[in-house]
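> model_18.cif is reproduced in full below (mmCIF, C-alpha atoms and all ligand atoms).
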```cif
data_my_file
#
loop_
_atom_site.label_atom_id
_atom_site.label_comp_id
_atom_site.auth_asym_id
_atom_site.auth_seq_id
_atom_site.Cartn_x
_atom_site.Cartn_y
_atom_site.Cartn_z
CA MET A 1308 0.00 0.00 0.00
CA ARG A 1309 1.30 3.50 -0.81
CA ALA A 1310 2.21 5.36 2.35
CA ALA A 1311 3.63 8.80 3.15
CA VAL A 1312 6.31 8.76 5.86
CA TYR A 1313 9.38 10.66 6.99
CA LEU A 1314 12.62 8.99 5.93
CA PRO A 1315 15.60 9.72 8.21
CA ASP A 1316 18.17 11.83 6.38
CA GLY A 1317 20.73 12.29 9.16
CA GLY A 1318 19.74 15.93 9.53
CA VAL A 1319 18.14 17.82 12.36
CA GLY A 1320 14.51 17.48 11.38
CA PRO A 1321 11.82 14.85 11.08
CA GLY A 1322 13.44 13.53 7.87
CA ARG A 1323 12.51 13.74 4.20
CA LEU A 1324 8.84 13.35 3.36
CA ALA A 1325 8.51 10.44 0.93
CA GLU A 1326 6.10 7.88 -0.42
CA VAL A 1327 6.98 4.25 0.25
CA GLU A 1328 5.33 0.87 -0.18
CA LEU A 1329 4.11 -0.41 3.21
CA ALA A 1330 2.89 -3.98 3.75
CA ALA A 1331 0.02 -2.96 6.01
CA GLN A 1332 -3.70 -3.56 6.26
CA ILE A 1333 -6.25 -1.02 7.46
CA ALA A 1334 -7.76 -3.08 10.28
CA GLY A 1335 -10.14 -0.39 11.51
CA PRO A 1336 -10.79 3.35 11.27
CA ALA A 1337 -7.83 3.98 13.59
CA GLU A 1338 -5.80 0.76 13.35
CA LEU A 1339 -3.08 -0.59 11.07
CA ALA A 1340 -2.09 -4.26 11.08
CA LEU A 1341 1.35 -5.36 9.90
CA ALA A 1342 3.02 -8.75 10.28
CA GLU A 1343 5.38 -7.46 12.98
CA VAL A 1344 3.34 -4.76 14.66
CA THR A 1345 -0.20 -3.47 15.24
CA VAL A 1346 -0.60 0.30 15.55
CA CYS A 1347 -3.78 1.94 16.82
CA ASP A 1348 -4.84 5.44 17.80
CA GLU A 1349 -6.36 5.35 21.27
CA ARG A 1350 -8.24 8.63 20.74
CA GLY A 1351 -10.64 6.94 18.33
CA GLY A 1352 -12.29 8.84 15.52
CA GLU A 1353 -11.76 7.88 11.91
CA PRO A 1354 -8.33 9.15 10.94
CA LEU A 1355 -7.83 6.40 8.30
CA HIS A 1356 -10.48 7.42 5.76
CA ARG A 1357 -8.54 6.94 2.50
CA PRO A 1358 -7.98 3.68 0.58
CA ASP A 1359 -4.20 4.32 0.75
CA LEU A 1360 -1.93 5.72 3.48
CA VAL A 1361 -0.80 8.91 1.78
CA TYR A 1362 -1.64 11.55 4.40
CA GLU A 1363 -0.24 14.99 5.12
CA PRO A 1364 1.92 15.47 8.24
CA ALA A 1365 0.06 18.80 8.69
CA ALA A 1366 2.91 20.12 10.88
CA GLY A 1367 2.02 17.57 13.55
CA GLY A 1368 -1.57 18.75 13.97
CA GLY A 1369 -2.31 19.55 17.61
CA PRO A 1370 -4.86 21.63 19.48
CA LEU A 1371 -4.39 24.75 17.34
CA ALA A 1372 -4.83 22.92 14.05
CA GLY A 1373 -8.21 22.66 12.35
CA ALA A 1374 -10.18 19.40 12.46
CA GLU A 1375 -9.08 18.21 9.02
CA ALA A 1376 -5.42 19.04 9.66
CA GLU A 1377 -5.57 17.15 12.97
CA ARG A 1378 -7.18 14.16 11.26
CA GLN A 1379 -4.45 14.14 8.58
CA ALA A 1380 -1.74 14.49 11.22
CA ARG A 1381 -3.12 11.55 13.21
CA ALA A 1382 -3.39 9.33 10.13
CA PHE A 1383 0.15 10.31 9.14
CA GLY A 1384 1.32 9.53 12.69
CA LEU A 1385 -0.20 6.04 12.58
CA THR A 1386 1.45 5.38 9.24
CA ASN A 1387 4.80 6.86 10.22
CA ALA A 1388 4.92 4.94 13.53
CA ALA A 1389 3.97 1.70 11.74
CA TYR A 1390 6.66 2.18 9.11
CA HIS A 1391 9.46 2.93 11.59
CA ALA A 1392 8.41 0.28 14.12
CA GLN A 1393 8.39 -2.32 11.36
CA ARG A 1394 11.77 -1.12 10.06
CA ALA A 1395 13.34 -1.42 13.53
CA LEU A 1396 11.82 -4.86 14.13
CA ARG A 1397 12.98 -6.15 10.74
CA PHE A 1398 16.45 -4.74 11.35
CA ALA A 1399 16.68 -6.69 14.63
CA ALA A 1400 15.12 -9.86 13.17
CA ASP A 1401 17.64 -9.87 10.31
CA LEU A 1402 20.53 -9.62 12.76
CA LEU A 1403 19.08 -12.21 15.14
CA GLY A 1404 18.03 -14.62 12.40
CA GLU A 1405 14.53 -14.87 13.88
CA PRO A 1406 11.55 -12.56 14.33
CA LEU A 1407 10.79 -10.84 17.63
CA PRO A 1408 7.40 -11.35 19.30
CA HIS A 1409 4.60 -9.19 17.94
CA LEU A 1410 4.51 -5.58 19.14
CA VAL A 1411 1.50 -3.38 19.87
CA VAL A 1412 1.91 0.40 19.50
CA ARG A 1413 -0.75 2.68 20.99
CA VAL A 1414 -0.66 6.23 19.64
CA GLY A 1415 -2.33 9.03 21.59
CA ALA A 1416 -2.06 6.93 24.73
CA HIS A 1417 -2.59 8.58 28.12
CA SER A 1418 -3.94 11.70 26.44
CA SER A 1419 -6.51 12.50 29.09
CA PRO A 1420 -6.84 14.17 31.46
CA SER A 1421 -3.68 15.96 30.34
CA ARG A 1422 -1.62 15.86 27.16
CA TRP A 1423 1.47 13.66 27.03
CA GLY A 1424 4.40 14.24 24.72
CA GLY A 1425 6.50 11.18 25.49
CA GLY A 1426 6.74 7.48 24.87
CA HIS A 1427 7.28 4.40 27.01
CA TYR A 1428 7.46 0.62 26.76
CA ARG A 1429 5.21 -1.42 28.99
CA LEU A 1430 4.75 -5.04 30.01
CA PRO A 1431 1.86 -6.49 32.05
CA GLY A 1432 2.33 -5.75 35.76
CA ASP A 1433 2.10 -2.96 38.29
CA VAL A 1434 3.31 0.44 37.14
CA SER A 1435 2.71 3.89 38.55
CA PRO A 1436 0.48 5.42 37.34
CA PRO A 1437 -1.38 2.23 36.37
CA GLU A 1438 -2.04 1.50 32.70
CA PRO A 1439 -5.69 1.87 31.63
CA TYR A 1440 -5.11 -0.83 28.97
CA PRO A 1441 -4.72 -4.59 29.37
CA VAL A 1442 -1.09 -4.71 28.22
CA ALA A 1443 -0.14 -7.40 25.67
CA PRO A 1444 2.10 -10.08 27.23
CA THR A 1445 4.77 -9.56 24.55
CA GLY A 1446 5.01 -5.81 25.27
CA GLU A 1447 3.58 -2.49 24.10
CA VAL A 1448 4.91 0.87 23.03
CA HIS A 1449 2.77 3.82 24.11
CA LEU A 1450 3.23 7.15 22.36
CA GLY A 1451 1.56 10.30 23.66
CA GLY A 1452 -0.48 12.56 21.41
CA GLY A 1453 1.95 15.42 21.91
CA ARG A 1454 2.05 18.25 24.40
CA ALA A 1455 3.94 21.16 22.86
CA PHE A 1456 5.53 22.52 19.71
CA VAL A 1457 9.06 21.54 18.69
CA PRO A 1458 11.12 24.44 20.07
CA GLY A 1459 13.49 26.56 18.03
CA THR A 1460 12.66 25.27 14.55
CA GLY A 1461 11.18 28.37 12.96
CA ALA A 1462 7.92 27.16 11.44
CA PRO A 1463 5.73 25.74 14.24
CA TYR A 1464 5.56 21.95 14.32
CA PHE A 1465 3.51 20.15 16.97
CA ASN A 1466 5.73 17.52 18.57
CA ALA A 1467 3.56 14.44 18.06
CA PRO A 1468 5.76 11.47 19.08
CA ALA A 1469 4.37 9.32 16.24
CA HIS A 1470 5.86 11.83 13.77
CA ASN A 1471 9.26 11.44 15.40
CA ALA A 1472 11.20 8.37 14.20
CA ALA A 1473 13.75 8.80 17.03
CA ILE A 1474 11.09 8.29 19.70
CA VAL A 1475 9.60 5.30 17.86
CA TYR A 1476 13.02 3.67 17.43
CA HIS A 1477 13.99 4.25 21.05
CA GLU A 1478 10.82 2.58 22.35
CA VAL A 1479 11.05 -0.32 19.90
CA GLY A 1480 14.64 -0.63 21.15
CA HIS A 1481 13.22 -1.53 24.57
CA HIS A 1482 11.12 -4.28 22.94
CA ILE A 1483 14.29 -5.63 21.31
CA CYS A 1484 16.05 -5.53 24.70
CA ARG A 1485 13.12 -7.20 26.49
CA HIS A 1486 13.27 -10.19 24.15
CA THR A 1487 17.08 -10.49 24.10
CA ALA A 1488 19.05 -9.22 27.12
CA ASP A 1489 15.88 -9.09 29.24
CA PHE A 1490 17.61 -6.78 31.73
CA ARG A 1491 14.90 -7.23 34.40
CA ALA A 1492 14.92 -11.03 34.07
CA ASN A 1493 11.24 -10.90 33.10
CA ARG A 1494 11.38 -14.38 31.59
CA LEU A 1495 11.86 -15.64 35.13
CA ARG A 1496 8.84 -13.68 36.42
CA PRO A 1497 5.11 -14.51 36.04
CA PRO A 1498 3.73 -13.24 32.68
CA ASP A 1499 1.24 -10.95 34.45
CA ASP A 1500 3.80 -9.58 36.90
CA GLN A 1501 6.52 -8.18 34.66
CA HIS A 1502 8.91 -5.35 35.57
CA SER A 1503 8.65 -2.40 33.17
CA GLY A 1504 11.50 -0.38 34.76
CA LYS A 1505 14.61 0.33 32.69
CA VAL A 1506 18.26 0.15 33.66
CA ALA A 1507 21.05 2.22 32.12
CA LEU A 1508 22.14 -0.53 29.70
CA ASP A 1509 18.57 -0.84 28.42
CA GLU A 1510 18.31 2.93 27.81
CA GLY A 1511 21.78 3.09 26.26
CA THR A 1512 21.17 0.15 23.94
CA ALA A 1513 17.85 1.70 22.83
CA ASP A 1514 19.62 4.99 22.09
CA PHE A 1515 22.39 3.24 20.16
CA LEU A 1516 19.91 1.30 17.99
CA THR A 1517 18.13 4.61 17.37
CA ALA A 1518 21.40 6.19 16.19
CA VAL A 1519 22.13 3.29 13.81
CA LEU A 1520 18.61 3.40 12.35
CA LEU A 1521 18.67 7.20 11.98
CA GLY A 1522 22.24 7.29 10.69
CA THR A 1523 23.26 10.03 13.12
CA PRO A 1524 24.64 10.17 16.67
CA ASP A 1525 22.54 13.30 17.33
CA ILE A 1526 19.41 11.20 17.82
CA TYR A 1527 17.25 13.93 19.36
CA GLY A 1528 18.64 16.73 17.21
CA TRP A 1529 15.14 17.67 16.06
CA HIS A 1530 13.01 18.04 19.16
CA ARG A 1531 15.91 18.78 21.54
CA ARG A 1532 17.79 21.17 19.28
CA HIS A 1533 17.39 23.90 21.92
CA ILE A 1534 19.45 21.80 24.40
CA PRO A 1535 23.24 22.36 24.07
CA HIS A 1536 25.31 19.51 22.58
CA TRP A 1537 27.26 18.97 25.80
CA ASP A 1538 24.14 18.62 27.96
CA PRO A 1539 23.36 14.96 28.81
CA ARG A 1540 19.67 15.63 28.12
CA ARG A 1541 20.52 16.10 24.43
CA ARG A 1542 21.68 12.45 24.49
CA ARG A 1543 24.25 12.85 21.71
CA LEU A 1544 26.27 9.69 21.21
CA ASP A 1545 29.38 11.31 19.75
CA ALA A 1546 30.28 12.98 23.04
CA ARG A 1547 32.66 10.86 25.07
CA TRP A 1548 30.62 10.00 28.14
CA THR A 1549 32.64 7.81 30.48
CA MET A 1550 32.04 5.77 33.63
CA ALA A 1551 33.32 8.79 35.59
CA PHE A 1552 29.87 10.34 34.96
CA LEU A 1553 27.97 7.33 36.33
CA ARG A 1554 25.55 7.89 39.16
CA PRO A 1555 25.19 4.39 40.65
CA ARG A 1556 22.03 3.17 42.33
CA SER A 1557 20.06 6.07 40.89
CA SER A 1558 17.39 4.62 38.67
CA GLY A 1559 16.14 8.17 38.03
CA HIS A 1560 19.27 8.71 35.98
CA ALA A 1561 18.94 5.64 33.75
CA HIS A 1562 18.86 7.79 30.60
CA ALA A 1563 21.95 9.81 31.52
CA ASN A 1564 23.82 6.70 32.72
CA GLY A 1565 22.69 4.92 29.58
CA THR A 1566 24.35 7.58 27.44
CA ILE A 1567 27.70 6.27 28.70
CA TRP A 1568 26.92 2.86 27.21
CA ALA A 1569 25.35 4.33 24.06
CA SER A 1570 28.32 6.60 23.34
CA ALA A 1571 30.79 3.74 23.99
CA LEU A 1572 28.91 1.55 21.50
CA TRP A 1573 28.96 4.42 19.00
CA THR A 1574 32.73 4.87 19.42
CA ALA A 1575 33.24 1.12 18.96
CA ARG A 1576 31.08 1.04 15.82
CA CYS A 1577 32.93 4.04 14.33
CA ARG A 1578 36.29 2.32 14.99
CA VAL A 1579 35.07 -0.90 13.37
CA LEU A 1580 33.97 1.13 10.34
CA ALA A 1581 37.30 2.99 10.22
CA ASP A 1582 39.13 -0.35 10.21
CA ASP A 1583 37.47 -1.22 6.89
CA GLY A 1584 34.97 -3.21 8.85
CA ASP A 1585 31.29 -3.23 8.31
CA GLY A 1586 28.80 -1.63 10.62
CA GLU A 1587 26.26 -4.40 10.23
CA ARG A 1588 28.77 -6.90 11.56
CA PHE A 1589 29.14 -4.80 14.70
CA ASP A 1590 25.35 -4.54 15.02
CA ARG A 1591 25.09 -8.33 14.75
CA MET A 1592 27.78 -8.66 17.42
CA LEU A 1593 25.70 -6.46 19.73
CA LEU A 1594 22.46 -8.39 19.15
CA ARG A 1595 24.28 -11.65 19.83
CA ALA A 1596 25.72 -10.19 23.02
CA LEU A 1597 22.26 -9.07 24.17
CA SER A 1598 20.89 -12.56 23.59
CA GLY A 1599 23.86 -14.03 25.44
CA LEU A 1600 23.32 -11.78 28.45
CA GLY A 1601 19.66 -12.81 28.59
CA ARG A 1602 20.35 -16.51 28.95
CA PRO A 1603 18.83 -17.46 32.31
CA GLU A 1604 21.31 -18.60 34.93
CA GLY A 1605 20.32 -17.71 38.48
CA THR A 1606 17.44 -16.26 40.46
CA VAL A 1607 15.60 -13.10 39.46
CA ALA A 1608 17.59 -11.03 41.98
CA ASP A 1609 20.94 -12.50 40.90
CA GLU A 1610 20.14 -12.10 37.24
CA GLN A 1611 18.95 -8.50 37.64
CA ASP A 1612 22.19 -7.64 39.36
CA ARG A 1613 24.36 -9.44 36.82
CA ARG A 1614 22.56 -7.96 33.81
CA ASN A 1615 22.89 -4.46 35.26
CA ARG A 1616 26.69 -4.59 34.98
CA PHE A 1617 28.43 -2.84 32.12
CA SER A 1618 31.33 -5.32 32.42
CA GLU A 1619 29.02 -8.32 31.94
CA LEU A 1620 27.54 -6.99 28.73
CA LEU A 1621 31.00 -6.04 27.48
CA ARG A 1622 32.17 -9.63 28.11
CA GLU A 1623 29.25 -10.93 26.07
CA LEU A 1624 30.12 -8.43 23.34
CA LEU A 1625 33.78 -9.55 23.18
CA ALA A 1626 32.73 -13.21 23.06
CA ALA A 1627 30.25 -12.56 20.24
CA ASP A 1628 32.89 -11.77 17.58
CA ALA A 1629 36.51 -12.66 18.30
CA ALA A 1630 37.85 -10.78 15.26
CA LEU A 1631 36.26 -7.46 16.25
CA ALA A 1632 36.90 -7.95 19.98
CA PRO A 1633 40.30 -6.12 20.23
CA THR A 1634 38.94 -2.98 18.53
CA VAL A 1635 35.77 -3.02 20.62
CA ARG A 1636 37.67 -3.65 23.84
CA ALA A 1637 39.97 -0.65 23.23
CA ALA A 1638 37.05 1.63 22.33
CA MET A 1639 35.13 0.61 25.45
CA ALA A 1640 38.22 1.19 27.61
CA ASP A 1641 38.29 4.80 26.41
CA HIS A 1642 34.87 5.17 28.06
CA GLY A 1643 36.06 3.47 31.25
CA ILE A 1644 34.23 0.22 30.49
CA HIS A 1645 36.31 -2.90 31.13
CA PRO A 1646 35.34 -6.57 31.13
CA GLU A 1647 35.69 -6.97 34.87
CA GLY A 1648 34.37 -5.15 37.95
CA GLY A 1649 31.06 -3.75 39.14
CA ASN A 1650 29.70 -0.43 37.90
CA ALA A 1651 30.94 1.50 40.96
CA GLU A 1652 34.40 -0.03 40.54
CA LEU A 1653 34.54 1.07 36.93
CA ARG A 1654 33.50 4.54 37.98
CA ALA A 1655 36.17 4.71 40.70
CA ARG A 1656 38.80 3.47 38.26
CA MET A 1657 37.86 6.13 35.70
CA ARG A 1658 37.82 8.84 38.34
CA GLY A 1659 41.21 7.71 39.60
CA THR A 1660 39.89 7.15 43.12
CA SER A 1661 40.30 4.00 45.22
CA THR A 1662 38.17 1.01 44.36
CA PRO A 1663 35.30 0.66 46.84
CA ALA A 1664 34.93 -2.65 48.63
CA VAL A 1665 31.20 -2.81 48.03
CA THR A 1666 30.23 -2.98 44.38
CA THR A 1667 26.97 -2.46 42.59
ZN ZN B 1 13.73 4.51 27.29
#
```
Take the structure I supplied and represent it as structure tokens, if you would.


Amino acid sequence: MRAAVYLPDGGVGPGRLAEVELAAQIAGPAELALAEVTVCDERGGEPLHRPDLVYEPAAGGGPLAGAEAERQARAFGLTNAAYHAQRALRFAADLLGEPLPHLVVRVGAHSSPSRWGGGHYRLPGDVSPPEPYPVAPTGEVHLGGGRAFVPGTGAPYFNAPAHNAAIVYHEVGHHICRHTADFRANRLRPPDDQHSGKVALDEGTADFLTAVLLGTPDIYGWHRRHIPHWDPRRRRLDARWTMAFLRPRSSGHAHANGTIWASALWTARCRVLADDGDGERFDRMLLRALSGLGRPEGTVADEQDRRNRFSELLRELLAADAALAPTVRAAMADHGIHPEGGNAELRARMRGTSTPAVTT
């Protein structure tokens, strides 16, 4: 089916508007069904009123747009989210040699009582605030309807997450992590009592996959252009974040801590490319390492602790491709990540302070 989407062009914008062929079925007035992913708009209405999927982005729509512009923007968002979610899932399946479990994407989720401009990945189980939806056992991506305009871009554009490939890729990255590294050891937990929290390695891996799929280390260069390059909230991967910046035991800083891992992966991939290597080989090495880390060994508590360690995932990475291992090991060392020691030990080593006896 013909579909209008944004194609990433490595620039600081939503991408280039283009028409592509999308293997999707219109399953309802606000739902698209693809082999890998189902995408629905939780706000209802009938955004999908055409026989094809060629809709206008309408500058993101939003509360100030007219009814028809908002309808177009929602239909474009459904299409754009479906296209990018499918692209990310196929990318991972090609590297893994097998498909990932089906993904559900809910667009316009959590839009009342207030507007939400973010995205998150959820599994069945207690979360705060609780989910109003029965969450699919294989995992769901929820994208808000948007809350504000993209700052500092001249012409106003309403920041609808479904229009933003970076947000879609990041959240699908968590689905890839859940079914490979499984950082919270959810395979060892009851299916209806899963842990949706994210650790730094989960956030960092999701950001790295986003950078590969976008073809730029400035993954949030569009909607966070107003944030300086050196600020961790910009989440640029080509800044050298090291273990010296780690804030251990602070789950509230999982994104910032994750940038250390994401930027180290980016450095390693760039070195592999510079050595006449191929980037896809490095990506395959990473996916193999994630699957290796997720192999069940101990109890939930033991596994959560083990899978939270940068050194453990680095060891899996080095084991996944012996030929690339020396290059990757050296790149990781430049970020203070070594194949032995707890996270706090790596931080102390990078800061040049004594190694603490208690590790995390
Ligand atoms: Zn995340």

> May I have the residues within 7 Å of ligand ZN 1 (chain B), computed using all atoms listed in the file, as an MDAnalysis selection string?

chainID A and resid 1427 1477:1478 1481 1505 1510 1513 1562

> Taking all atoms listed in the file into account, name the residue in A:Met1308, A:Ala1380, A:Ala1488, A:Ala1340 that is nearest to Val1327 (chain A).

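That would be A:Met1308, the residue with the smallest distance to Val1327 (chain A).
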
> Residues at most 9 Å from Asp1509 (chain A), counting all atoms listed in the file, excluding those fewer than 5 positions away in the same chain, as a ChimeraX atom specification?

/A:1480-1481,1484-1485,1488-1490,1514,1561-1562,1565,1615

> Can you tell me which residues surround His1645 (chain A) at a distance of at most 8 Å, considering only C-alpha atoms, apart from same-chain residues fewer than 3 positions away, and format the answer as a ChimeraX atom specification?

/A:1617-1618,1621,1636,1639-1640,1648,1653

> I'd like the contact shell of region 1333-1335 of chain A - 10 Å cut-off, only C-alpha atoms, skipping same-chain residues fewer than 3 positions apart - returned as a ChimeraX atom specification.

/A:1308,1338-1341,1345-1347,1353-1360

> With only C-alpha atoms as the counted atoms, please give the residues lying no more than 7 Å from Gly1367 (chain A), apart from itself and same-chain residues fewer than 3 positions off, as JSON, numbers by chain.

{"A": [1364, 1380, 1464, 1465, 1466, 1467, 1470]}

> Out of A:Pro1524, A:Pro1646, A:Gly1351, A:Gly1511, which residue has the shortest atom-to-atom distance to His1560 (chain A) when counting all atoms listed in the file?

A:Gly1511

> Any chance you could build region 1387-1410 of chain A out to N, CA, C and O atoms and write it as a short mmCIF file (atom, residue, chain, number, x, y, z; two decimals), in the frame of the given file?


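Saved file part.cif follows:
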```cif
data_model
loop_
_atom_site.label_atom_id
_atom_site.label_comp_id
_atom_site.auth_asym_id
_atom_site.auth_seq_id
_atom_site.Cartn_x
_atom_site.Cartn_y
_atom_site.Cartn_z
N ASN A 1387 3.38 6.63 9.96
CA ASN A 1387 4.80 6.86 10.22
C ASN A 1387 5.31 5.96 11.34
O ASN A 1387 6.38 5.35 11.24
N ALA A 1388 4.52 5.82 12.41
CA ALA A 1388 4.92 4.94 13.53
C ALA A 1388 4.98 3.49 13.07
O ALA A 1388 5.89 2.74 13.43
N ALA A 1389 3.98 3.09 12.23
CA ALA A 1389 3.97 1.70 11.74
C ALA A 1389 5.20 1.43 10.89
O ALA A 1389 5.87 0.39 11.04
N TYR A 1390 5.52 2.36 10.00
CA TYR A 1390 6.66 2.18 9.11
C TYR A 1390 7.97 2.04 9.90
O TYR A 1390 8.76 1.12 9.67
N HIS A 1391 8.18 2.95 10.86
CA HIS A 1391 9.46 2.93 11.59
C HIS A 1391 9.53 1.79 12.60
O HIS A 1391 10.61 1.22 12.81
N ALA A 1392 8.39 1.43 13.21
CA ALA A 1392 8.41 0.28 14.12
C ALA A 1392 8.74 -0.99 13.33
O ALA A 1392 9.56 -1.81 13.75
N GLN A 1393 8.10 -1.14 12.17
CA GLN A 1393 8.39 -2.32 11.36
C GLN A 1393 9.85 -2.33 10.90
O GLN A 1393 10.50 -3.39 10.92
N ARG A 1394 10.36 -1.19 10.52
CA ARG A 1394 11.77 -1.12 10.06
C ARG A 1394 12.72 -1.55 11.18
O ARG A 1394 13.65 -2.33 10.95
N ALA A 1395 12.47 -1.06 12.40
CA ALA A 1395 13.34 -1.42 13.53
C ALA A 1395 13.23 -2.91 13.85
O ALA A 1395 14.23 -3.58 14.13
N LEU A 1396 12.02 -3.44 13.80
CA LEU A 1396 11.82 -4.86 14.13
C LEU A 1396 12.44 -5.76 13.07
O LEU A 1396 13.02 -6.81 13.40
N ARG A 1397 12.35 -5.35 11.81
CA ARG A 1397 12.98 -6.15 10.74
C ARG A 1397 14.50 -6.08 10.83
O ARG A 1397 15.19 -7.08 10.57
N PHE A 1398 15.00 -4.92 11.17
CA PHE A 1398 16.45 -4.74 11.35
C PHE A 1398 16.96 -5.73 12.41
O PHE A 1398 17.94 -6.45 12.20
N ALA A 1399 16.25 -5.79 13.55
CA ALA A 1399 16.68 -6.69 14.63
C ALA A 1399 16.50 -8.16 14.23
O ALA A 1399 17.37 -9.00 14.50
N ALA A 1400 15.38 -8.47 13.56
CA ALA A 1400 15.12 -9.86 13.17
C ALA A 1400 16.18 -10.35 12.19
O ALA A 1400 16.63 -11.50 12.28
N ASP A 1401 16.60 -9.48 11.26
CA ASP A 1401 17.64 -9.87 10.31
C ASP A 1401 18.94 -10.20 11.03
O ASP A 1401 19.63 -11.16 10.70
N LEU A 1402 19.28 -9.40 12.03
CA LEU A 1402 20.53 -9.62 12.76
C LEU A 1402 20.44 -10.86 13.65
O LEU A 1402 21.42 -11.58 13.83
N LEU A 1403 19.26 -11.08 14.22
CA LEU A 1403 19.08 -12.21 15.14
C LEU A 1403 18.83 -13.52 14.40
O LEU A 1403 19.03 -14.60 14.96
N GLY A 1404 18.36 -13.41 13.15
CA GLY A 1404 18.03 -14.62 12.40
C GLY A 1404 16.68 -15.19 12.79
O GLY A 1404 16.34 -16.31 12.41
N GLU A 1405 15.89 -14.44 13.54
CA GLU A 1405 14.53 -14.87 13.88
C GLU A 1405 13.71 -13.65 14.25
O GLU A 1405 14.26 -12.66 14.74
N PRO A 1406 12.38 -13.73 14.02
CA PRO A 1406 11.55 -12.56 14.33
C PRO A 1406 11.38 -12.37 15.84
O PRO A 1406 11.46 -13.33 16.61
N LEU A 1407 11.12 -11.14 16.23
CA LEU A 1407 10.79 -10.84 17.63
C LEU A 1407 9.29 -11.05 17.82
O LEU A 1407 8.53 -11.01 16.87
N PRO A 1408 8.85 -11.26 19.06
CA PRO A 1408 7.40 -11.35 19.30
C PRO A 1408 6.68 -10.09 18.83
O PRO A 1408 7.25 -9.00 18.79
N HIS A 1409 5.42 -10.27 18.48
CA HIS A 1409 4.60 -9.19 17.94
C HIS A 1409 4.54 -8.00 18.92
O HIS A 1409 4.52 -8.18 20.13
N LEU A 1410 4.54 -6.81 18.34
CA LEU A 1410 4.51 -5.58 19.14
C LEU A 1410 3.20 -4.84 18.91
O LEU A 1410 2.69 -4.80 17.79
#
```
